[in-house]
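Student: What follows is the file my_file-v6.csv, containing CSV, C-alpha atoms:
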```csv
chain,number,residue,atom,x,y,z
A,1,MET,CA,79.6,-9.5,32.4
A,2,SER,CA,77.2,-12.4,32.0
A,3,GLY,CA,73.5,-12.5,32.7
A,4,LEU,CA,74.3,-14.4,35.9
A,5,ASP,CA,77.0,-12.1,37.0
A,6,ASN,CA,74.5,-9.2,36.8
A,7,MET,CA,72.0,-10.7,39.3
A,8,ASP,CA,71.5,-8.5,42.3
A,9,VAL,CA,72.1,-11.3,44.8
A,10,LEU,CA,75.7,-11.4,43.6
A,11,ARG,CA,76.4,-7.7,44.2
A,12,MET,CA,78.2,-8.4,47.4
A,13,GLN,CA,81.6,-9.2,48.9
A,14,ALA,CA,82.7,-12.7,49.7
A,15,SER,CA,85.5,-13.4,52.2
A,16,LEU,CA,87.7,-16.4,53.0
A,17,ALA,CA,90.8,-17.1,55.1
A,18,LEU,CA,93.7,-19.5,54.9
A,19,PHE,CA,95.9,-20.2,57.9
A,20,TYR,CA,99.4,-21.6,57.4
A,21,ARG,CA,102.1,-23.1,59.7
A,22,GLY,CA,105.7,-21.9,59.5
A,23,GLY,CA,108.6,-23.9,58.4
A,24,GLY,CA,107.5,-25.0,55.0
A,25,GLY,CA,109.2,-22.4,52.9
A,26,GLU,CA,112.8,-21.3,52.6
A,27,ASP,CA,114.4,-19.8,55.8
A,28,GLY,CA,114.1,-16.1,56.0
A,29,VAL,CA,111.7,-15.8,53.0
A,30,ASP,CA,108.9,-13.4,53.6
A,31,PRO,CA,105.5,-15.0,52.6
A,32,ALA,CA,104.0,-11.5,52.1
A,33,GLY,CA,106.7,-10.6,49.6
A,34,VAL,CA,106.4,-13.9,47.8
A,35,ILE,CA,102.6,-13.8,47.5
A,36,ARG,CA,102.6,-10.1,46.5
A,37,ARG,CA,105.0,-10.8,43.7
A,38,ALA,CA,103.0,-13.9,42.5
A,39,LEU,CA,99.8,-11.9,42.8
A,40,GLY,CA,101.2,-9.3,40.4
A,41,GLU,CA,102.3,-11.9,37.9
A,42,ALA,CA,98.9,-13.7,38.1
A,43,LEU,CA,97.0,-10.5,37.4
A,44,VAL,CA,98.8,-10.2,34.0
A,45,HIS,CA,96.7,-13.3,33.0
A,46,TYR,CA,93.6,-12.3,35.0
A,47,TYR,CA,93.8,-8.6,34.0
A,48,PRO,CA,90.0,-7.9,34.3
A,49,LEU,CA,90.4,-8.4,38.1
A,50,ALA,CA,92.8,-5.4,38.1
A,51,GLY,CA,90.0,-3.2,36.7
A,52,ARG,CA,86.8,-1.7,38.1
A,53,LEU,CA,83.1,-2.5,37.7
A,54,ARG,CA,80.9,0.2,36.1
A,55,GLU,CA,77.2,0.2,35.5
A,56,ILE,CA,75.7,1.0,32.1
A,57,GLU,CA,72.1,1.3,30.8
A,58,GLY,CA,69.7,-1.2,32.4
A,59,ARG,CA,72.0,-1.6,35.4
A,60,LYS,CA,74.2,-3.9,33.4
A,61,LEU,CA,77.7,-4.4,34.8
A,62,VAL,CA,80.8,-4.1,32.7
A,63,VAL,CA,84.4,-4.3,33.6
A,64,ASP,CA,86.6,-1.2,32.8
A,65,CYS,CA,90.1,-2.8,32.4
A,66,THR,CA,91.9,0.2,34.0
A,67,GLY,CA,94.9,-1.8,35.3
A,68,GLU,CA,94.5,0.0,38.7
A,69,GLY,CA,95.2,-3.3,40.4
A,70,VAL,CA,93.9,-5.0,43.6
A,71,LEU,CA,94.5,-4.0,47.2
A,72,PHE,CA,97.3,-5.8,49.1
A,73,VAL,CA,98.0,-5.3,52.9
A,74,GLN,CA,100.8,-6.9,54.9
A,75,ALA,CA,100.7,-7.0,58.7
A,76,ASP,CA,102.4,-8.6,61.7
A,77,ALA,CA,100.6,-10.1,64.7
A,78,ASP,CA,102.1,-10.8,68.1
A,79,VAL,CA,100.4,-14.3,68.3
A,80,GLN,CA,101.4,-17.8,67.2
A,81,LEU,CA,99.2,-20.1,65.2
A,82,ALA,CA,98.9,-22.3,68.2
A,83,ASP,CA,97.2,-19.4,70.0
A,84,LEU,CA,94.6,-19.1,67.2
A,85,GLU,CA,94.2,-22.9,67.2
A,86,ALA,CA,93.5,-22.9,70.9
A,87,ALA,CA,90.8,-20.3,70.4
A,88,GLY,CA,89.3,-22.6,67.6
A,89,LEU,CA,90.1,-22.2,63.9
A,90,ARG,CA,86.5,-22.1,63.0
A,91,PRO,CA,84.1,-19.3,61.8
A,92,PRO,CA,83.3,-16.8,63.1
A,93,PHE,CA,86.8,-15.6,63.8
A,94,PRO,CA,86.8,-13.0,66.6
A,95,CYS,CA,89.9,-11.2,65.3
A,96,TRP,CA,88.7,-11.0,61.7
A,97,ASP,CA,88.7,-7.2,61.5
A,98,GLN,CA,92.5,-7.4,62.2
A,99,LEU,CA,93.2,-10.2,59.8
A,100,LEU,CA,91.5,-8.3,57.0
A,101,PHE,CA,91.6,-4.5,57.4
A,102,ASP,CA,88.6,-2.9,55.8
A,103,VAL,CA,90.4,-0.3,53.6
A,104,GLU,CA,88.2,2.7,53.2
A,105,GLY,CA,86.4,2.7,49.8
A,106,SER,CA,87.1,-0.9,49.1
A,107,SER,CA,83.8,-2.7,50.0
A,108,GLY,CA,81.5,-1.4,47.3
A,109,THR,CA,80.4,-3.0,44.1
A,110,LEU,CA,81.0,-0.2,41.6
A,111,ASN,CA,84.2,1.8,41.1
A,112,CYS,CA,86.1,-0.1,43.8
A,113,PRO,CA,89.0,-2.6,43.8
A,114,LEU,CA,87.7,-6.0,42.9
A,115,MET,CA,89.8,-7.8,45.5
A,116,LEU,CA,91.5,-7.1,48.9
A,117,ILE,CA,94.2,-9.5,50.1
A,118,GLN,CA,96.0,-9.3,53.5
A,119,VAL,CA,98.9,-11.4,54.6
A,120,THR,CA,99.5,-11.4,58.3
A,121,ARG,CA,102.8,-12.8,59.6
A,122,LEU,CA,102.7,-14.7,62.9
A,123,LEU,CA,105.4,-15.0,65.6
A,124,CYS,CA,105.8,-18.7,64.9
A,125,GLY,CA,106.7,-18.1,61.2
A,126,GLY,CA,103.2,-19.0,60.1
A,127,PHE,CA,100.9,-16.6,58.4
A,128,VAL,CA,97.3,-15.9,57.5
A,129,LEU,CA,96.1,-15.1,54.0
A,130,ALA,CA,92.7,-13.3,54.1
A,131,LEU,CA,90.8,-12.4,51.0
A,132,ARG,CA,87.7,-10.5,50.1
A,133,ASN,CA,86.5,-10.4,46.5
A,134,ASN,CA,83.6,-8.9,44.5
A,135,HIS,CA,81.2,-11.9,44.0
A,136,ALA,CA,79.9,-10.4,40.7
A,137,MET,CA,83.3,-11.2,39.2
A,138,CYS,CA,83.9,-14.7,40.4
A,139,ASP,CA,82.1,-17.5,42.2
A,140,ALA,CA,84.1,-19.6,44.7
A,141,ILE,CA,85.4,-21.9,42.0
A,142,GLY,CA,86.6,-18.9,40.0
A,143,ILE,CA,88.4,-17.3,42.9
A,144,ALA,CA,90.0,-20.7,43.7
A,145,GLN,CA,91.2,-21.0,40.2
A,146,PHE,CA,92.8,-17.5,40.4
A,147,MET,CA,94.4,-18.1,43.8
A,148,ASN,CA,95.7,-21.5,42.6
A,149,ALA,CA,97.5,-19.6,39.8
A,150,VAL,CA,98.9,-17.2,42.4
A,151,SER,CA,100.1,-20.2,44.5
A,152,GLU,CA,101.8,-21.9,41.5
A,153,LEU,CA,103.7,-18.7,40.7
A,154,ALA,CA,104.6,-18.3,44.4
A,155,ARG,CA,106.1,-21.8,44.3
A,156,GLY,CA,108.2,-20.9,41.3
A,157,LEU,CA,106.4,-22.6,38.5
A,158,PRO,CA,107.3,-21.1,35.2
A,159,SER,CA,103.7,-20.6,34.1
A,160,ILE,CA,100.1,-21.2,35.4
A,161,THR,CA,98.4,-24.6,34.8
A,162,VAL,CA,95.0,-23.4,33.9
A,163,LYS,CA,94.7,-20.5,31.5
A,164,PRO,CA,91.8,-18.1,32.3
A,165,VAL,CA,88.9,-17.8,30.0
A,166,TRP,CA,86.6,-14.7,30.0
A,167,CYS,CA,83.7,-15.6,27.6
A,168,ARG,CA,81.0,-14.1,29.8
A,169,GLU,CA,78.8,-13.8,26.7
A,170,LEU,CA,78.2,-17.5,26.9
A,171,ILE,CA,75.8,-17.0,29.8
A,172,GLU,CA,73.2,-14.6,28.4
A,173,MET,CA,69.5,-14.8,29.0
A,174,ARG,CA,66.6,-13.4,26.9
A,175,ASN,CA,64.3,-11.4,29.1
A,176,PRO,CA,66.1,-12.5,32.3
A,177,PRO,CA,63.9,-13.0,35.4
A,178,ILE,CA,63.9,-10.3,38.0
A,179,SER,CA,66.9,-11.0,40.3
A,180,ASP,CA,66.3,-12.0,43.9
A,181,THR,CA,68.0,-10.2,46.7
A,182,LEU,CA,69.1,-11.8,49.9
A,183,PRO,CA,66.1,-12.7,52.1
A,184,ASP,CA,65.5,-10.5,55.1
A,185,MET,CA,66.8,-11.7,58.5
A,186,PRO,CA,64.4,-11.9,61.4
A,187,ASP,CA,64.8,-8.9,63.7
A,188,VAL,CA,66.0,-10.9,66.7
A,189,PRO,CA,69.5,-11.3,68.3
A,190,MET,CA,71.5,-13.8,66.3
A,191,VAL,CA,74.3,-16.2,67.3
A,192,GLU,CA,76.9,-17.6,64.9
A,193,ARG,CA,78.6,-20.9,65.6
A,194,SER,CA,80.4,-23.6,63.8
A,195,PHE,CA,79.7,-27.3,64.1
A,196,THR,CA,82.2,-30.0,63.3
A,197,VAL,CA,81.0,-33.4,61.9
A,198,ARG,CA,83.6,-36.1,61.6
A,199,ALA,CA,83.8,-38.5,58.7
A,200,LEU,CA,83.0,-41.2,61.2
A,201,ASP,CA,79.8,-39.4,62.1
A,202,VAL,CA,78.8,-39.5,58.5
A,203,VAL,CA,79.5,-43.2,58.3
A,204,ALA,CA,77.2,-43.7,61.3
A,205,MET,CA,74.5,-41.7,59.7
A,206,LYS,CA,74.7,-43.7,56.5
A,207,LYS,CA,74.2,-46.9,58.5
A,208,CYS,CA,70.8,-45.5,59.7
A,209,LEU,CA,69.6,-45.2,56.1
A,210,PRO,CA,67.4,-47.8,54.2
A,211,PRO,CA,69.6,-50.2,52.2
A,212,LEU,CA,69.0,-48.5,48.8
A,213,LEU,CA,69.9,-45.1,50.1
A,214,ARG,CA,72.8,-46.5,52.1
A,215,ASP,CA,74.4,-47.5,48.9
A,216,THR,CA,73.8,-44.3,46.9
A,217,ALA,CA,73.7,-41.4,49.4
A,218,THR,CA,76.7,-39.0,49.2
A,219,THR,CA,78.3,-37.3,52.1
A,220,PHE,CA,76.8,-34.0,50.8
A,221,GLU,CA,73.3,-35.4,50.8
A,222,ILE,CA,73.7,-36.9,54.3
A,223,LEU,CA,75.2,-33.7,55.8
A,224,THR,CA,72.5,-31.5,54.1
A,225,ALA,CA,69.7,-33.7,55.3
A,226,PHE,CA,71.0,-33.8,58.8
A,227,LEU,CA,71.4,-30.0,58.9
A,228,TRP,CA,68.0,-29.3,57.2
A,229,ARG,CA,66.1,-31.5,59.6
A,230,ALA,CA,67.8,-30.3,62.8
A,231,ARG,CA,67.5,-26.6,61.7
A,232,THR,CA,63.8,-27.0,61.0
A,233,MET,CA,63.3,-28.5,64.5
A,234,ALA,CA,65.4,-25.8,66.1
A,235,LEU,CA,63.5,-23.0,64.4
A,236,ASP,CA,60.2,-24.7,65.5
A,237,ILE,CA,58.7,-24.2,62.1
A,238,PRO,CA,55.1,-25.3,62.4
A,239,PRO,CA,53.6,-28.1,60.4
A,240,GLY,CA,51.9,-26.8,57.2
A,241,GLU,CA,54.6,-24.2,56.5
A,242,ASP,CA,57.2,-24.6,53.8
A,243,ALA,CA,60.8,-25.0,55.0
A,244,PRO,CA,62.5,-24.8,51.6
A,245,LEU,CA,66.0,-26.0,50.8
A,246,VAL,CA,68.2,-24.1,48.2
A,247,ILE,CA,71.3,-25.9,46.9
A,248,ALA,CA,74.1,-24.2,45.0
A,249,VAL,CA,74.9,-26.4,42.0
A,250,ASN,CA,77.9,-25.8,39.8
A,251,PHE,CA,76.9,-26.3,36.1
A,252,ARG,CA,80.4,-26.2,34.6
A,253,GLY,CA,80.6,-29.1,32.2
A,254,ASP,CA,76.8,-29.7,32.3
A,255,ALA,CA,76.1,-30.0,28.5
A,256,GLY,CA,72.5,-30.6,29.3
A,257,ALA,CA,72.2,-27.0,30.6
A,258,GLY,CA,72.8,-25.8,27.0
A,259,MET,CA,75.9,-23.9,28.1
A,260,SER,CA,79.2,-25.6,27.4
A,261,LEU,CA,81.7,-23.5,29.3
A,262,PRO,CA,85.4,-23.9,28.5
A,263,ALA,CA,88.0,-25.0,31.0
A,264,GLY,CA,89.3,-21.9,32.7
A,265,TYR,CA,86.0,-20.0,32.9
A,266,TYR,CA,86.2,-18.1,36.2
A,267,GLY,CA,82.9,-16.2,36.2
A,268,ASN,CA,79.8,-17.1,38.1
A,269,ALA,CA,78.6,-20.5,37.0
A,270,VAL,CA,76.4,-21.8,39.8
A,271,ALA,CA,72.7,-22.4,39.7
A,272,THR,CA,70.3,-22.7,42.6
A,273,SER,CA,67.9,-25.6,42.9
A,274,THR,CA,65.0,-25.0,45.3
A,275,VAL,CA,62.8,-27.7,46.8
A,276,PRO,CA,59.9,-26.8,49.1
A,277,ALA,CA,59.1,-29.2,51.9
A,278,ASP,CA,56.4,-29.1,54.6
A,279,ALA,CA,58.0,-28.7,58.0
A,280,ALA,CA,55.9,-31.6,59.2
A,281,VAL,CA,57.8,-34.0,56.8
A,282,LEU,CA,61.1,-32.7,57.9
A,283,ARG,CA,60.3,-32.9,61.6
A,284,GLY,CA,58.4,-36.2,61.6
A,285,GLY,CA,60.3,-38.0,58.9
A,286,SER,CA,63.4,-40.1,59.2
A,287,LEU,CA,66.9,-39.0,58.1
A,288,GLY,CA,66.4,-41.3,55.0
A,289,ASP,CA,63.2,-39.4,54.1
A,290,VAL,CA,65.1,-36.1,54.1
A,291,VAL,CA,68.0,-37.5,52.2
A,292,ALA,CA,65.6,-38.5,49.4
A,293,LEU,CA,64.3,-34.9,49.3
A,294,VAL,CA,67.9,-33.6,49.0
A,295,GLN,CA,68.4,-36.0,46.1
A,296,LEU,CA,65.3,-34.6,44.5
A,297,ALA,CA,66.7,-31.1,44.9
A,298,LYS,CA,70.0,-32.1,43.2
A,299,ALA,CA,68.1,-33.9,40.3
A,300,ALA,CA,66.0,-30.7,39.7
A,301,GLY,CA,69.2,-28.6,39.5
A,302,THR,CA,71.1,-27.1,36.7
A,303,THR,CA,69.7,-28.3,33.5
A,304,GLU,CA,66.0,-27.3,33.8
A,305,TYR,CA,66.9,-24.1,35.8
A,306,PHE,CA,69.2,-22.8,33.1
A,307,ARG,CA,67.0,-23.9,30.2
A,308,SER,CA,64.2,-21.9,31.9
A,309,MET,CA,66.4,-18.8,32.4
A,310,ALA,CA,67.8,-19.0,28.9
A,311,ASN,CA,64.3,-19.0,27.4
A,312,GLY,CA,63.2,-16.0,29.5
A,313,MET,CA,60.8,-18.0,31.6
A,314,LYS,CA,59.8,-17.0,35.1
A,315,VAL,CA,61.7,-19.0,37.7
A,316,ARG,CA,60.2,-19.2,41.2
A,317,GLY,CA,62.4,-17.0,43.3
A,318,LEU,CA,63.4,-17.0,47.0
A,319,ARG,CA,60.8,-14.3,47.8
A,320,SER,CA,58.1,-16.9,47.1
A,321,PHE,CA,58.9,-18.4,50.5
A,322,ASN,CA,58.9,-17.2,54.1
A,323,PRO,CA,62.6,-16.1,54.3
A,324,ALA,CA,62.7,-17.1,58.0
A,325,ASN,CA,62.2,-20.7,57.0
A,326,LEU,CA,64.7,-20.9,54.1
A,327,LEU,CA,68.0,-22.8,54.2
A,328,ALA,CA,70.6,-22.4,51.5
A,329,VAL,CA,73.6,-24.8,51.4
A,330,SER,CA,76.9,-24.2,49.5
A,331,ASP,CA,79.5,-27.0,49.5
A,332,THR,CA,83.1,-25.7,49.4
A,333,ARG,CA,84.7,-29.1,50.4
A,334,ASN,CA,86.0,-29.9,46.9
A,335,ILE,CA,86.8,-26.5,45.5
A,336,GLY,CA,90.5,-26.8,46.5
A,337,PHE,CA,91.1,-24.1,49.1
A,338,HIS,CA,92.3,-26.8,51.5
A,339,ARG,CA,95.1,-27.8,49.0
A,340,MET,CA,96.3,-24.3,48.2
A,341,ASP,CA,100.1,-24.2,48.7
A,342,PHE,CA,102.1,-21.0,48.3
A,343,GLY,CA,105.4,-22.8,49.3
A,344,TRP,CA,104.6,-23.3,53.0
A,345,GLY,CA,102.5,-26.5,52.6
A,346,GLU,CA,98.8,-26.8,52.8
A,347,PRO,CA,96.7,-24.6,55.1
A,348,VAL,CA,95.5,-25.7,58.5
A,349,PHE,CA,92.1,-24.1,57.7
A,350,ALA,CA,90.8,-22.7,54.4
A,351,GLY,CA,87.3,-21.5,53.7
A,352,PRO,CA,84.6,-18.9,54.2
A,353,VAL,CA,85.0,-16.8,57.4
A,354,SER,CA,81.3,-16.2,58.3
A,355,THR,CA,77.8,-16.9,57.2
A,356,PHE,CA,74.4,-15.3,57.5
A,357,PHE,CA,71.0,-16.5,58.7
A,358,THR,CA,69.8,-18.4,55.6
A,359,MET,CA,73.2,-19.8,54.5
A,360,CYS,CA,75.4,-22.7,55.6
A,361,TYR,CA,78.7,-23.7,54.0
A,362,PHE,CA,80.3,-27.1,54.2
A,363,ILE,CA,84.1,-26.7,54.8
A,364,ARG,CA,86.7,-29.5,54.7
A,365,VAL,CA,89.0,-29.6,57.8
A,366,LYS,CA,91.0,-32.1,59.9
A,367,ASP,CA,89.9,-32.8,63.5
A,368,ARG,CA,92.4,-32.6,66.4
A,369,HIS,CA,93.4,-36.2,65.6
A,370,GLY,CA,94.2,-35.4,61.9
A,371,GLU,CA,91.1,-37.2,60.7
A,372,ASP,CA,88.8,-35.9,58.0
A,373,ALA,CA,85.9,-33.7,59.2
A,374,PHE,CA,83.5,-31.1,58.0
A,375,VAL,CA,82.7,-27.7,59.5
A,376,MET,CA,79.3,-26.1,59.1
A,377,PRO,CA,79.0,-22.5,60.2
A,378,LEU,CA,75.5,-21.6,61.1
A,379,MET,CA,73.6,-18.4,62.3
A,380,LEU,CA,70.4,-18.7,64.3
A,381,PRO,CA,68.4,-16.8,66.9
A,382,ARG,CA,69.8,-17.5,70.3
A,383,LEU,CA,67.0,-19.8,71.5
A,384,ALA,CA,67.0,-21.7,68.2
A,385,MET,CA,70.7,-22.1,68.5
A,386,ASP,CA,70.3,-23.7,71.9
A,387,ARG,CA,67.7,-26.1,70.5
A,388,PHE,CA,70.0,-26.9,67.4
A,389,VAL,CA,72.9,-27.8,69.7
A,390,ALA,CA,70.7,-30.1,71.7
A,391,GLU,CA,69.3,-31.7,68.5
A,392,VAL,CA,72.8,-32.2,67.0
A,393,GLU,CA,74.1,-33.8,70.2
A,394,ARG,CA,71.0,-36.1,70.4
A,395,SER,CA,71.2,-37.1,66.8
A,396,LEU,CA,75.0,-37.9,66.8
A,397,LEU,CA,74.5,-39.9,70.0
A,398,ASP,CA,71.7,-41.9,68.4
A,399,ASP,CA,73.7,-42.5,65.2
A,400,ALA,CA,76.7,-43.6,67.2
A,401,LYS,CA,74.6,-46.5,68.5
A,402,HIS,CA,74.5,-47.9,64.9
A,403,MET,CA,78.3,-47.9,64.6
```
Translate the structure of the given file into structure tokens.

Tutor:
Amino acid sequence: MSGLDNMDVLRMQASLALFYRGGGGEDGVDPAGVIRRALGEALVHYYPLAGRLREIEGRKLVVDCTGEGVLFVQADADVQLADLEAAGLRPPFPCWDQLLFDVEGSSGTLNCPLMLIQVTRLLCGGFVLALRNNHAMCDAIGIAQFMNAVSELARGLPSITVKPVWCRELIEMRNPPISDTLPDMPDVPMVERSFTVRALDVVAMKKCLPPLLRDTATTFEILTAFLWRARTMALDIPPGEDAPLVIAVNFRGDAGAGMSLPAGYYGNAVATSTVPADAAVLRGGSLGDVVALVQLAKAAGTTEYFRSMANGMKVRGLRSFNPANLLAVSDTRNIGFHRMDFGWGEPVFAGPVSTFFTMCYFIRVKDRHGEDAFVMPLMLPRLAMDRFVAEVERSLLDDAKHM
């Protein structure tokens, strides 16, 4: 396992869900059977995923390639996809414990199956594919690469398009810095809710920016700035306190980082870039001011971060900040979950199923009119969530005036 795979913050389980309509595959073909067969074939290529993680001296993780396999569950639900859509196909999913059965002994890091998959057939002929994987083995891009291989074999392709590459030794660090753990959550009741921002809303936000930013700002930068600003206001972080932003940045293909990873690498290859900002700047500044800060965070990303780690230098960790003020953003829009076709067409929803207090994911979806939109699941204390809702509604209304 690589130096990055070994970081404590990645010793966790990551879950995602994909919801499919019926009618895309051959009549009478069982999606659970098709996916189970394809899964077995894909594991021949990705055989480390069929093993178990062990810990050796210095708490270093290694994979014992035992060939024990992954866990696969098939189930039937007496609901139709339309029922789930009516309830809202957005995180958090109230029936998640039924869509992914927590098999006893499967949720640890060591000596446990590295992946749990459940296919739940629906009355309408659709199905739900739910997945949980050990984050130390793969990041989101890596698990998407593996599941794409499964989908290709499920559709009957003779071989997989991308050949997996292990090469974890390419990401090694001399005297690696002490790993961060996840920041503590405030001890108050929390509420989780998803917010949908339409592509048209992003266009309206862009029109509010200064001319130079209007031409250069990306959808990610605008969404992140919008979220960061509104969340800081909702949490009522006082002026003078840092409200740092942490961005997950993929460094595959970043030659400047000094680590040229081959195509097919499916380990963790994501850095975090942290930019502190005074809450007063976020609360009092314009959306354009905050977009500029997000661009600064991206520019300070992978290259310097990984050069520092590779040279054994101390990198400022998440514990340097008040964890109650920190926001981490991970963009899953272009990873490819939304295009994953097992023979029944593309999913209606595909992405992470929940979040936690400091984290927000950007998920690509279609709105009820079939137009592009983005979902942001967010967890906040109850009163802060009420303020966030009001701030989002006010901001979107103000931006609509610039359309």

Student: Residues near A:Glu221, anyone? I mean within 7 Å using all atoms listed in the file, not counting same-chain ones fewer than 5 positions away, as an MDAnalysis selection string.

Tutor: chainID A and resid 291 294:295

Student: Would you mind telling me which residue in A:Ser15, A:Ser286, A:Asn6, A:Gln118 lies nearest to A:Gln74 when using all atoms listed in the file?

Tutor: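 Once distances to A:Gln74 are computed over all atoms listed in the file, the minimum belongs to A:Gln118.
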
Student: Counting only C-alpha atoms, give me one row per residue of stretch 8-66 of chain A with an atom at most 10 Å from an atom of stretch 122-143 of chain A, showing the shortest contact pair and its distance in Å to one decimal, sorted by chain then residue number, as a tab-separated table.

Tutor:
```
residue	atom	partner	partner_atom	distance
A:Asp8	CA	A:Ala136	CA	8.8
A:Val9	CA	A:Ala136	CA	8.9
A:Leu10	CA	A:Ala136	CA	5.2
A:Arg11	CA	A:Ala136	CA	5.6
A:Met12	CA	A:His135	CA	5.7
A:Gln13	CA	A:Asn134	CA	4.8
A:Ala14	CA	A:Asn133	CA	5.5
A:Ser15	CA	A:Arg132	CA	4.2
A:Leu16	CA	A:Leu131	CA	5.4
A:Ala17	CA	A:Ala130	CA	4.4
A:Leu18	CA	A:Leu129	CA	5.1
A:Phe19	CA	A:Val128	CA	4.5
A:Tyr20	CA	A:Phe127	CA	5.3
A:Arg21	CA	A:Gly126	CA	4.3
A:Gly22	CA	A:Gly126	CA	3.9
A:Gly23	CA	A:Gly125	CA	6.7
A:Gly24	CA	A:Gly126	CA	9.0
A:Gly25	CA	A:Gly125	CA	9.7
A:Asp27	CA	A:Gly125	CA	9.6
A:Gly28	CA	A:Gly125	CA	9.3
A:Val29	CA	A:Gly125	CA	9.9
A:Asp30	CA	A:Gly125	CA	9.2
A:Pro31	CA	A:Phe127	CA	7.6
A:Ala32	CA	A:Phe127	CA	8.7
A:Ile35	CA	A:Leu129	CA	9.3
A:Pro48	CA	A:Met137	CA	8.9
A:Leu49	CA	A:Met137	CA	7.7
A:Leu53	CA	A:Met137	CA	8.8
A:Leu61	CA	A:Ala136	CA	8.7
A:Val62	CA	A:Met137	CA	9.9
A:Val63	CA	A:Met137	CA	9.0
```

Student: Report, in Å with one decimal, the straight-line distance from atom CA of A:Asp341 to atom CA of A:Leu153.

Tutor: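 So the two atoms, atom CA of A:Asp341 and atom CA of A:Leu153, lie 10.4 Å apart.
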
Student: Can you work out the spacing between atom CA of A:Ala277 and atom CA of A:Arg229 in Å, to one decimal?

Tutor: 10.7 Å

Student: Quote the spacing between atom CA of A:Glu152 and atom CA of A:Phe342 in Å to one decimal place.

Tutor: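 One can read the atom CA of A:Glu152 to atom CA of A:Phe342 distance as 6.9 Å.
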
Student: Give me, as an mmCIF file with C-alpha atoms, in the coordinates of the input, all polymer residues having an atom no more than 9 Å from stretch 213-220 of chain A, counting only C-alpha atoms and skipping those fewer than 5 positions away in the same chain.

Tutor:
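Wrote it out as part.cif, contents follow:
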```cif
data_model
loop_
_atom_site.group_PDB
_atom_site.id
_atom_site.type_symbol
_atom_site.label_atom_id
_atom_site.label_comp_id
_atom_site.auth_asym_id
_atom_site.auth_seq_id
_atom_site.Cartn_x
_atom_site.Cartn_y
_atom_site.Cartn_z
ATOM 1 C CA ALA A 199 83.800 -38.500 58.700
ATOM 2 C CA VAL A 202 78.800 -39.500 58.500
ATOM 3 C CA VAL A 203 79.500 -43.200 58.300
ATOM 4 C CA LYS A 206 74.700 -43.700 56.500
ATOM 5 C CA LYS A 207 74.200 -46.900 58.500
ATOM 6 C CA CYS A 208 70.800 -45.500 59.700
ATOM 7 C CA ALA A 225 69.700 -33.700 55.300
ATOM 8 C CA GLY A 288 66.400 -41.300 55.000
ATOM 9 C CA VAL A 291 68.000 -37.500 52.200
ATOM 10 C CA ALA A 292 65.600 -38.500 49.400
ATOM 11 C CA GLN A 295 68.400 -36.000 46.100
ATOM 12 C CA ASP A 331 79.500 -27.000 49.500
ATOM 13 C CA PHE A 362 80.300 -27.100 54.200
#
```

Student: Using only C-alpha atoms, which of A:Gln145, A:Ser395, A:Gly345, A:Ala269 sits nearest A:Leu170?

Tutor: A:Ala269

Student: Considering all atoms listed in the file, state which residue in the set A:Val162, A:Val270, A:Ala154, A:Val119 is at the smallest distance from A:Gly253.

Tutor: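 Nearest candidate to A:Gly253 out of A:Val162, A:Val270, A:Ala154, A:Val119: A:Val270.
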
Student: So that I can see what lies close to A:Glu192, please list as a PyMOL selection string the residues with an atom at most 8 Å from it, counting only C-alpha atoms and leaving out residues fewer than 2 positions away in the same chain.

Tutor: chain A and resi 92+190+194+355+377-380

Student: Which residue, A:Leu114, A:Ala297, A:Ala75, A:Val44, has the smallest gap to A:Gln98 when you use only C-alpha atoms?

Tutor: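 Of A:Leu114, A:Ala297, A:Ala75, A:Val44, the one nearest A:Gln98, counting only C-alpha atoms, is A:Ala75.
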
Student: So which one's closest to A:Ala384, A:Ile222, A:Ala300, A:Val188, A:Met115? Using all atoms listed in the file, please.

Tutor: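 The closest residue to A:Ala384 is A:Val188.
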
Student: Find, counting only C-alpha atoms, the residue in A:Val73, A:Pro186, A:Arg198, A:Ala324 that gets nearest to A:Gly370.

Tutor: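 Selected residue with least distance to A:Gly370: A:Arg198.
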
Student: What would the list of residues within 7 Å of (81.3, -0.5, 42.2) (file frame) look like as a count of residues only, if all atoms listed in the file are what count?

Tutor: 8

Student: Name all residues at most 7 Å from A:Ala373 (count all atoms listed in the file; drop same-chain ones fewer than 4 positions away) and give them as a VMD selection string.

Tutor: chain A and resid 196 to 199 364 to 367

Student: At a cut-off of 7 Å from (69.5, -17.4, 54.9) in the coordinates of the file, what residues are picked up using all atoms listed in the file, written as a ChimeraX atom specification?

Tutor: /A:183,326-328,356-359
